Every structure is written in structure tokens, then in C-alpha cells.
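What's in final_21.pdb: PDB, C-alpha atoms and all ligand atoms
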ATOM      1  CA  MET Q 199      92.593  91.745 123.992
ATOM      2  CA  ASN Q 200      95.826  93.529 123.108
ATOM      3  CA  ARG Q 201      99.054  91.653 122.528
ATOM      4  CA  CYS Q 202     102.315  91.984 124.418
ATOM      5  CA  LEU Q 203     105.603  93.102 122.855
ATOM      6  CA  VAL Q 204     108.582  91.135 124.195
ATOM      7  CA  LEU Q 205     112.008  92.760 124.019
ATOM      8  CA  ASN Q 206     115.259  90.921 124.480
ATOM      9  CA  ALA Q 207     117.521  91.969 127.360
ATOM     10  CA  ASN Q 208     119.402  94.202 124.907
ATOM     11  CA  TYR Q 209     116.156  95.986 123.939
ATOM     12  CA  GLU Q 210     116.022  94.277 120.548
ATOM     13  CA  TYR Q 211     112.739  92.905 119.318
ATOM     14  CA  LEU Q 212     112.144  89.314 120.409
ATOM     15  CA  ALA Q 213     108.499  88.328 119.983
ATOM     16  CA  VAL Q 214     104.857  89.276 120.192
ATOM     17  CA  LEU Q 215     102.640  87.306 122.565
ATOM     18  CA  ASP Q 216      99.056  86.942 121.391
ATOM     19  CA  ARG Q 217      97.607  86.030 124.780
ATOM     20  CA  TRP Q 218      97.847  88.248 127.864
ATOM     21  CA  ILE Q 219      97.937  85.137 130.038
ATOM     22  CA  ASP Q 220     101.277  84.145 128.467
ATOM     23  CA  ALA Q 221     102.679  87.603 129.185
ATOM     24  CA  LEU Q 222     101.490  87.485 132.801
ATOM     25  CA  ALA Q 223     102.943  83.993 133.209
ATOM     26  CA  LEU Q 224     106.366  85.296 132.167
ATOM     27  CA  VAL Q 225     106.042  88.153 134.661
ATOM     28  CA  PHE Q 226     105.082  85.794 137.504
ATOM     29  CA  ALA Q 227     107.938  83.441 136.614
ATOM     30  CA  GLN Q 228     110.233  86.488 136.844
ATOM     31  CA  LYS Q 229     111.572  85.780 133.382
ATOM     32  CA  VAL Q 230     110.636  89.255 132.210
ATOM     33  CA  GLU Q 231     110.346  92.707 133.643
ATOM     34  CA  PRO Q 232     107.204  94.616 132.643
ATOM     35  CA  LEU Q 233     108.043  97.980 131.068
ATOM     36  CA  ALA Q 234     104.518  99.141 130.277
ATOM     37  CA  HIS Q 235     100.916  98.086 130.863
ATOM     38  CA  TYR Q 236      97.636  98.595 129.092
ATOM     39  CA  PRO Q 237      94.929 100.465 130.984
ATOM     40  CA  LEU Q 238      93.263  97.095 131.581
ATOM     41  CA  VAL Q 239      93.228  94.692 134.492
ATOM     42  CA  VAL Q 240      92.433  91.021 134.754
ATOM     43  CA  ARG Q 241      91.075  89.717 138.039
ATOM     44  CA  SER Q 242      91.592  86.555 139.980
ATOM     45  CA  GLU Q 243      89.427  85.915 143.048
ATOM     46  CA  LYS Q 244      91.481  88.133 145.297
ATOM     47  CA  GLN Q 245      93.738  90.193 143.111
ATOM     48  CA  ALA Q 246      93.777  92.372 140.028
ATOM     49  CA  PHE Q 247      96.672  92.404 137.611
ATOM     50  CA  PRO Q 248      97.453  95.050 134.998
ATOM     51  CA  VAL Q 249      97.832  93.601 131.493
ATOM     52  CA  PRO Q 250     101.450  93.923 130.254
ATOM     53  CA  ALA Q 251     101.936  95.855 127.008
ATOM     54  CA  VAL Q 252     105.739  95.632 126.806
ATOM     55  CA  VAL Q 253     108.046  93.315 128.734
ATOM     56  CA  MET Q 254     111.801  92.828 128.626
ATOM     57  CA  MET Q 255     113.652  89.562 129.165
ATOM     58  CA  ARG Q 256     115.845  89.570 132.265
ATOM     59  CA  HIS Q 257     118.462  87.523 130.435
ATOM     60  CA  LEU Q 258     119.559  87.675 126.824
ATOM     61  CA  VAL Q 259     117.800  85.073 124.697
ATOM     62  CA  HIS Q 260     119.581  83.581 121.717
ATOM     63  CA  THR Q 261     117.112  81.957 119.420
ATOM     64  CA  ARG Q 262     116.584  81.318 115.790
ATOM     65  CA  ARG Q 263     112.830  81.412 116.220
ATOM     66  CA  ARG Q 264     112.798  85.170 116.611
ATOM     67  CA  ARG Q 265     113.724  85.496 112.946
ATOM     68  CA  ALA Q 266     110.671  83.665 111.705
ATOM     69  CA  LEU Q 267     108.340  86.631 111.829
ATOM     70  CA  PHE Q 268     110.582  88.793 109.690
ATOM     71  CA  ASP Q 269     112.152  86.336 107.278
ATOM     72  CA  VAL Q 270     108.796  85.332 105.902
ATOM     73  CA  PRO Q 271     107.735  87.927 103.329
ATOM     74  CA  ALA Q 272     104.341  88.525 104.962
ATOM     75  CA  LYS Q 273     102.366  91.165 103.138
ATOM     76  CA  ALA Q 274     102.302  93.575 106.091
ATOM     77  CA  ILE Q 275     106.081  93.404 106.487
ATOM     78  CA  VAL Q 276     106.790  93.818 102.750
ATOM     79  CA  LEU Q 277     104.459  96.807 102.507
ATOM     80  CA  ALA Q 278     105.913  98.426 105.620
ATOM     81  CA  ARG Q 279     109.480  97.930 104.358
ATOM     82  CA  ASP Q 280     108.570  99.506 101.023
ATOM     83  CA  GLY Q 281     106.801 102.458 102.620
ATOM     84  CA  PHE Q 282     103.348 101.347 101.389
ATOM     85  CA  THR Q 283     104.406 102.343  97.876
ATOM     86  CA  CYS Q 284     104.244 100.255  94.693
ATOM     87  CA  GLN Q 285     107.862  99.561  93.762
ATOM     88  CA  TYR Q 286     107.033  99.717  90.040
ATOM     89  CA  CYS Q 287     104.842 102.808  89.580
ATOM     90  CA  GLY Q 288     105.173 104.553  92.942
ATOM     91  CA  ALA Q 289     101.429 104.486  93.703
ATOM     92  CA  ARG Q 290     100.376 104.579  97.342
ATOM     93  CA  ILE Q 291      98.944 101.259  98.459
ATOM     94  CA  THR Q 292      97.334  99.966 101.640
ATOM     95  CA  LEU Q 293      97.166  96.570 103.306
ATOM     96  CA  ARG Q 294      93.852  96.089 101.511
ATOM     97  CA  THR Q 295      94.778  97.346  98.030
ATOM     98  CA  GLY Q 296      98.454  96.342  97.925
ATOM     99  CA  THR Q 297      99.914  93.040  96.754
ATOM    100  CA  ARG Q 298     103.248  91.252  97.009
ATOM    101  CA  ASP Q 299     105.185  90.678  93.817
ATOM    102  CA  HIS Q 300     107.889  88.046  93.445
ATOM    103  CA  VAL Q 301     110.524  89.872  91.389
ATOM    104  CA  GLN Q 302     111.913  86.604  90.057
ATOM    105  CA  PRO Q 303     108.608  84.746  89.556
ATOM    106  CA  ARG Q 304     107.984  81.713  91.743
ATOM    107  CA  SER Q 305     107.052  79.718  88.646
ATOM    108  CA  ARG Q 306     110.605  80.388  87.465
ATOM    109  CA  GLY Q 307     112.334  79.327  90.663
ATOM    110  CA  GLY Q 308     112.121  82.673  92.495
ATOM    111  CA  ARG Q 309     112.270  82.223  96.262
ATOM    112  CA  ASP Q 310     109.550  83.239  98.703
ATOM    113  CA  VAL Q 311     111.834  85.431 100.823
ATOM    114  CA  LEU Q 312     112.033  89.144 101.564
ATOM    115  CA  ALA Q 313     115.030  89.463  99.242
ATOM    116  CA  ASN Q 314     112.802  88.484  96.287
ATOM    117  CA  VAL Q 315     109.497  90.175  97.131
ATOM    118  CA  VAL Q 316     108.408  93.802  96.680
ATOM    119  CA  ALA Q 317     105.219  95.734  97.337
ATOM    120  CA  ALA Q 318     103.153  96.292  94.187
ATOM    121  CA  CYS Q 319      99.767  97.744  93.301
ATOM    122  CA  SER Q 320      97.387  95.245  91.668
ATOM    123  CA  PRO Q 321      97.546  96.841  88.184
ATOM    124  CA  CYS Q 322     101.362  96.541  88.164
ATOM    125  CA  ASN Q 323     101.202  93.006  89.544
ATOM    126  CA  LEU Q 324      98.714  92.007  86.837
ATOM    127  CA  ARG Q 325     100.778  93.674  84.133
ATOM    128  CA  LYS Q 326     103.999  91.976  85.182
ATOM    129  CA  MET Q 327     102.503  88.484  85.453
ATOM    130  CA  ASP Q 328     105.089  85.699  85.662
ATOM    131  CA  ARG Q 329     107.840  87.677  83.985
ATOM    132  CA  THR Q 330     110.974  89.322  85.311
ATOM    133  CA  PRO Q 331     110.928  93.143  85.473
ATOM    134  CA  ALA Q 332     113.248  93.255  82.426
ATOM    135  CA  GLU Q 333     110.969  90.985  80.389
ATOM    136  CA  ALA Q 334     107.942  93.058  81.366
ATOM    137  CA  GLY Q 335     109.764  96.309  80.631
ATOM    138  CA  MET Q 336     109.183  97.470  84.190
ATOM    139  CA  HIS Q 337     111.659  99.283  86.369
ATOM    140  CA  LEU Q 338     112.144  98.564  90.082
ATOM    141  CA  ARG Q 339     112.368 101.624  92.331
ATOM    142  CA  SER Q 340     114.306  99.659  94.922
ATOM    143  CA  GLN Q 341     115.779  96.206  95.152
ATOM    144  CA  PRO Q 342     114.059  93.794  97.556
ATOM    145  CA  ARG Q 343     116.124  93.032 100.657
ATOM    146  CA  PRO Q 344     115.860  91.505 104.108
ATOM    147  CA  LEU Q 345     115.219  93.814 107.046
ATOM    148  CA  VAL Q 346     118.092  95.153 109.103
ATOM    149  CA  GLU Q 347     117.720  94.838 112.870
ATOM    150  CA  GLU Q 348     116.652  98.446 113.449
ATOM    151  CA  GLU Q 349     113.866  98.168 110.906
ATOM    152  CA  LYS Q 350     112.126  95.256 112.554
ATOM    153  CA  LEU Q 351     110.464  97.136 115.400
ATOM    154  CA  ALA Q 352     109.609 100.005 113.093
ATOM    155  CA  CYS Q 353     107.985  97.653 110.582
ATOM    156  CA  LEU Q 354     106.159  95.837 113.325
ATOM    157  CA  LEU Q 355     104.769  99.088 114.716
ATOM    158  CA  ARG Q 356     103.341  99.995 111.336
ATOM    159  CA  THR Q 357     101.392  96.774 111.122
ATOM    160  CA  VAL Q 358      99.788  96.424 114.574
ATOM    161  CA  ARG Q 359      96.518  97.727 116.030
ATOM    162  CA  SER Q 360      96.488 101.371 117.099
ATOM    163  CA  GLU Q 361      96.065 100.702 120.861
ATOM    164  CA  GLU Q 362      99.088  98.415 120.695
ATOM    165  CA  ARG Q 363     101.108 100.921 118.698
ATOM    166  CA  THR Q 364     100.289 103.737 121.145
ATOM    167  CA  ALA Q 365     101.298 101.716 124.204
ATOM    168  CA  TRP Q 366     104.429 100.216 122.628
ATOM    169  CA  LEU Q 367     105.661 103.437 121.045
ATOM    170  CA  SER Q 368     105.348 105.535 124.196
ATOM    171  CA  CYS Q 369     107.151 102.829 126.165
ATOM    172  CA  LEU Q 370     109.981 102.577 123.606
ATOM    173  CA  ARG Q 371     110.366 106.365 123.583
ATOM    174  CA  ARG Q 372     110.437 106.443 127.370
ATOM    175  CA  HIS Q 373     113.324 103.984 127.294
ATOM    176  CA  GLY Q 374     115.204 105.984 124.718
ATOM    177  CA  ILE Q 375     114.786 103.425 121.946
ATOM    178  CA  THR Q 376     114.807 105.398 118.728
ATOM    179  CA  LEU Q 377     113.184 103.741 115.799
ATOM    180  CA  TRP Q 378     114.507 103.562 112.321
ATOM    181  CA  THR Q 379     112.149 105.514 110.052
ATOM    182  CA  ALA Q 380     110.987 103.898 106.824
ATOM    183  CA  ARG Q 381     112.024 105.674 103.671
ATOM    184  CA  ALA Q 382     109.206 107.035 101.556
ATOM    185  CA  ALA Q 383     107.065 106.971 104.689
TER     186      ALA Q 383
HETATM  187 ZN    ZN Q 401     102.085 100.060  90.568
END

Would you encode the structure as C-alpha cells?
Amino acid sequence: MNRCLVLNANYEYLAVLDRWIDALALVFAQKVEPLAHYPLVVRSEKQAFPVPAVVMMRHLVHTRRRRALFDVPAKAIVLARDGFTCQYCGARITLRTGTRDHVQPRSRGGRDVLANVVAACSPCNLRKMDRTPAEAGMHLRSQPRPLVEEEKLACLLRTVRSEERTAWLSCLRRHGITLWTARAA
């Protein structure tokens, strides 16, 4: 079953709900307003309910939790930020072939955060090993960095299933939310 994108009351990204029942519960509790549905219904004994694809909070939510998804240098997020391009040699990589490289190696105290991780092809990752780019004689095409707010939705959209992307993107466009476009995309 497809997941539900939750936007904050200011249209910023807030969360992704894995279970449709959680999305419906928020709708019934009137905590969110549905903005788009999937072409799917779930049935109770007497009624049928469309499955929400995108919902928006009725009130602005301030939470630290919302950062979790994007502060962790998950492979999908790192690759999306770096345009699915190896940041050492420029080769195109995919979720399957690409790797994450800690610029300052973890064995040398490098942190496991977006600001220290870049997308790399496996040959470059193997070649670099636990050395800094300077020690390995390798040049970084861009410095690793955290995501800015506008990038988050764009990165998310590049890493979700196609039915989800289709439903979310058309809804965001309908509401005039323009997405930041990844460089080297
Ligand atoms: Zn490479």
C-alpha cells in the first residue's frame, strides 16, 4: 500500500506515514486536511474511504523529530542530493551501484552526518579507503552539506515509489509548490 506525505500547515515537508490507517486516523481526528488521494479505497462494513496520498496539518507543528529523516545521511538522500553522480569521478550511479563515502573517514573521527558524506561509485570508494581525499590524491566535485529546506521534498520525491511520486508531485504542483531542482540532475 502507498504511503502518505504529510505537509506542515506552511506546506513544508513534515513526515511520511507508512500505514494508510494512520493517515485516515489523522483525517478522522480532523488534525489534517486531505489534499490528494490515491485511486484506492478501503472499506468498512458500511462505508468506503479513499486512501490519502497527501495531507496537510491544520495547525503548524513545531517538532525536532521532522529533522530525523534528513539529518541521517541515508544512502537515498545522499545520492539524491548529489544528483546520483560520484563526487570523485563524476560517474552516474544508482541506488544499487552507488555507495556513501565518509570524506573524513569514520575510523579517523569523521562524523556520520550529511555534512561529511558524499555519493561515490564503488571503484572510487575502494580506491579512497580510509584516507582523506588529499591523502588519496582525489578531488571532490562538491563539498558535502546538509539539505536546505527546499531540497527536502525534492530529495524525497526522487527516492520514493513511482505511484507515490506521481500522486505527490501532481498534488504539490496543483498547490503551487515549486520544487527545488537538484543540480547535475
Ligand atoms: Zn567515482

Which chains and residue numbers are within 6 Å of ligand ZN 401 (chain Q), counting all atoms listed in the file, if I want them as a PDB file with C-alpha atoms, keeping the file's coordinate frame?
ATOM      1  CA  CYS Q 284     104.244 100.255  94.693  1.00  0.00           C
ATOM      2  CA  TYR Q 286     107.033  99.717  90.040  1.00  0.00           C
ATOM      3  CA  CYS Q 287     104.842 102.808  89.580  1.00  0.00           C
ATOM      4  CA  GLY Q 288     105.173 104.553  92.942  1.00  0.00           C
ATOM      5  CA  ALA Q 289     101.429 104.486  93.703  1.00  0.00           C
ATOM      6  CA  ALA Q 318     103.153  96.292  94.187  1.00  0.00           C
ATOM      7  CA  CYS Q 319      99.767  97.744  93.301  1.00  0.00           C
ATOM      8  CA  CYS Q 322     101.362  96.541  88.164  1.00  0.00           C
TER       9      CYS Q 322
END

Quick one: residues within 8 Å of Lys273 (chain Q), only C-alpha atoms counted, chain neighbours fewer than 4 positions away excluded, as a list in words?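 Contacts, in chain order: Leu277, Leu293, Thr297, Arg298 and Ala317 of chain Q.
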
Point out the residue among Q:Trp366, Q:Phe282, Q:Tyr211, Q:Phe247 with the least atom-to-atom distance to Val259 (chain Q), counting only C-alpha atoms.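 With only C-alpha atoms as the atom set, the closest residue is Q:Tyr211.
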
Gap from CA of Ala234 (chain Q) to CA of Val346 (chain Q) - Å, one decimal: 25.5 Å

For a quick check of understanding, using only C-alpha atoms, which of Q:His260, Q:Lys326, Q:His337, Q:Arg363 has the smallest distance to Leu351 (chain Q)?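 For Leu351 (chain Q), the nearest of the given residues is Q:Arg363.
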
Contacts of Val311 (chain Q) at 12 Å (only C-alpha atoms; same-chain gap of 4+ positions) as a PDB file with C-alpha atoms, in the coordinates of the input:
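Saved to around.pdb:
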ATOM      1  CA  ALA Q 266     110.671  83.665 111.705  1.00  0.00           C
ATOM      2  CA  LEU Q 267     108.340  86.631 111.829  1.00  0.00           C
ATOM      3  CA  PHE Q 268     110.582  88.793 109.690  1.00  0.00           C
ATOM      4  CA  ASP Q 269     112.152  86.336 107.278  1.00  0.00           C
ATOM      5  CA  VAL Q 270     108.796  85.332 105.902  1.00  0.00           C
ATOM      6  CA  PRO Q 271     107.735  87.927 103.329  1.00  0.00           C
ATOM      7  CA  ALA Q 272     104.341  88.525 104.962  1.00  0.00           C
ATOM      8  CA  LYS Q 273     102.366  91.165 103.138  1.00  0.00           C
ATOM      9  CA  ILE Q 275     106.081  93.404 106.487  1.00  0.00           C
ATOM     10  CA  VAL Q 276     106.790  93.818 102.750  1.00  0.00           C
ATOM     11  CA  ARG Q 298     103.248  91.252  97.009  1.00  0.00           C
ATOM     12  CA  ASP Q 299     105.185  90.678  93.817  1.00  0.00           C
ATOM     13  CA  HIS Q 300     107.889  88.046  93.445  1.00  0.00           C
ATOM     14  CA  VAL Q 301     110.524  89.872  91.389  1.00  0.00           C
ATOM     15  CA  GLN Q 302     111.913  86.604  90.057  1.00  0.00           C
ATOM     16  CA  PRO Q 303     108.608  84.746  89.556  1.00  0.00           C
ATOM     17  CA  ARG Q 304     107.984  81.713  91.743  1.00  0.00           C
ATOM     18  CA  GLY Q 307     112.334  79.327  90.663  1.00  0.00           C
ATOM     19  CA  VAL Q 315     109.497  90.175  97.131  1.00  0.00           C
ATOM     20  CA  VAL Q 316     108.408  93.802  96.680  1.00  0.00           C
ATOM     21  CA  PRO Q 342     114.059  93.794  97.556  1.00  0.00           C
ATOM     22  CA  ARG Q 343     116.124  93.032 100.657  1.00  0.00           C
ATOM     23  CA  PRO Q 344     115.860  91.505 104.108  1.00  0.00           C
ATOM     24  CA  LEU Q 345     115.219  93.814 107.046  1.00  0.00           C
TER      25      LEU Q 345
END

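Minimum distance to Met255 (chain Q) across Q:Glu243, Q:Asp310, Q:Glu231, Q:Glu333 (counting all atoms listed in the file) occurs at Q:Glu231.
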
In Å, with one decimal, what is the gap from CA of Ser320 (chain Q) to CA of Thr295 (chain Q)?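 These atoms are spaced 7.2 Å apart.
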
Pull out every residue that the PyMOL selection byres (((chain Q and resi 207) around 7) and not hetatm) matches in the shown coordinates and put them as a CSV table (one decimal) with C-alpha atoms, keeping the file's coordinate frame.
chain,number,residue,atom,x,y,z
Q,205,LEU,CA,112.0,92.8,124.0
Q,206,ASN,CA,115.3,90.9,124.5
Q,208,ASN,CA,119.4,94.2,124.9
Q,209,TYR,CA,116.2,96.0,123.9
Q,254,MET,CA,111.8,92.8,128.6
Q,255,MET,CA,113.7,89.6,129.2
Q,256,ARG,CA,115.8,89.6,132.3
Q,257,HIS,CA,118.5,87.5,130.4
Q,258,LEU,CA,119.6,87.7,126.8

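Atom pair CA of Arg372 (chain Q) / CA of Thr292 (chain Q) has a distance of 29.6 Å (rounded to one decimal).
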
Please return, as a ChimeraX atom specification, all polymer residues that have at least one atom within 6 Å of the point (106.9, 98.4, 109.1); use all atoms listed in the file and the file's own coordinate frame. /Q:275,278-279,352-354,356

Give the answer as one residue: which of Q:Leu233, Q:Arg306, Q:Thr283, Q:Leu312 has the shortest atom-to-atom distance to Met327 (chain Q), using all atoms listed in the file? Q:Arg306

Check the smallest atom-to-atom distance from each of Q:Leu212, Q:Pro250, Q:Glu361, Q:Arg339 to Phe226 (chain Q) using only C-alpha atoms, then report the winner. Q:Pro250

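Residues in contact range of Trp218 (chain Q), defined as at most 8 Å between only C-alpha atoms, with sequence neighbours fewer than 5 positions away removed, read Q:Met199, Q:Asn200, Q:Arg201, Q:Cys202, Q:Val249, Q:Pro250.
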
Take the selection from the previous step and output its residues with C-alpha atoms, as a compact mmCIF listing (two decimals), in the coordinates of the input.
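Final file, selection.txt:
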# COMPACT_ATOMS: atom_id res chain seq x y z
CA MET Q 199 92.59 91.74 123.99
CA ASN Q 200 95.83 93.53 123.11
CA ARG Q 201 99.05 91.65 122.53
CA CYS Q 202 102.32 91.98 124.42
CA VAL Q 249 97.83 93.60 131.49
CA PRO Q 250 101.45 93.92 130.25

Which is closest to Glu348 (chain Q) among Q:Ala365, Q:Ile375, Q:Ala227, Q:Met336, if we use all atoms listed in the file?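 Once distances to Glu348 (chain Q) are computed over all atoms listed in the file, the minimum belongs to Q:Ile375.
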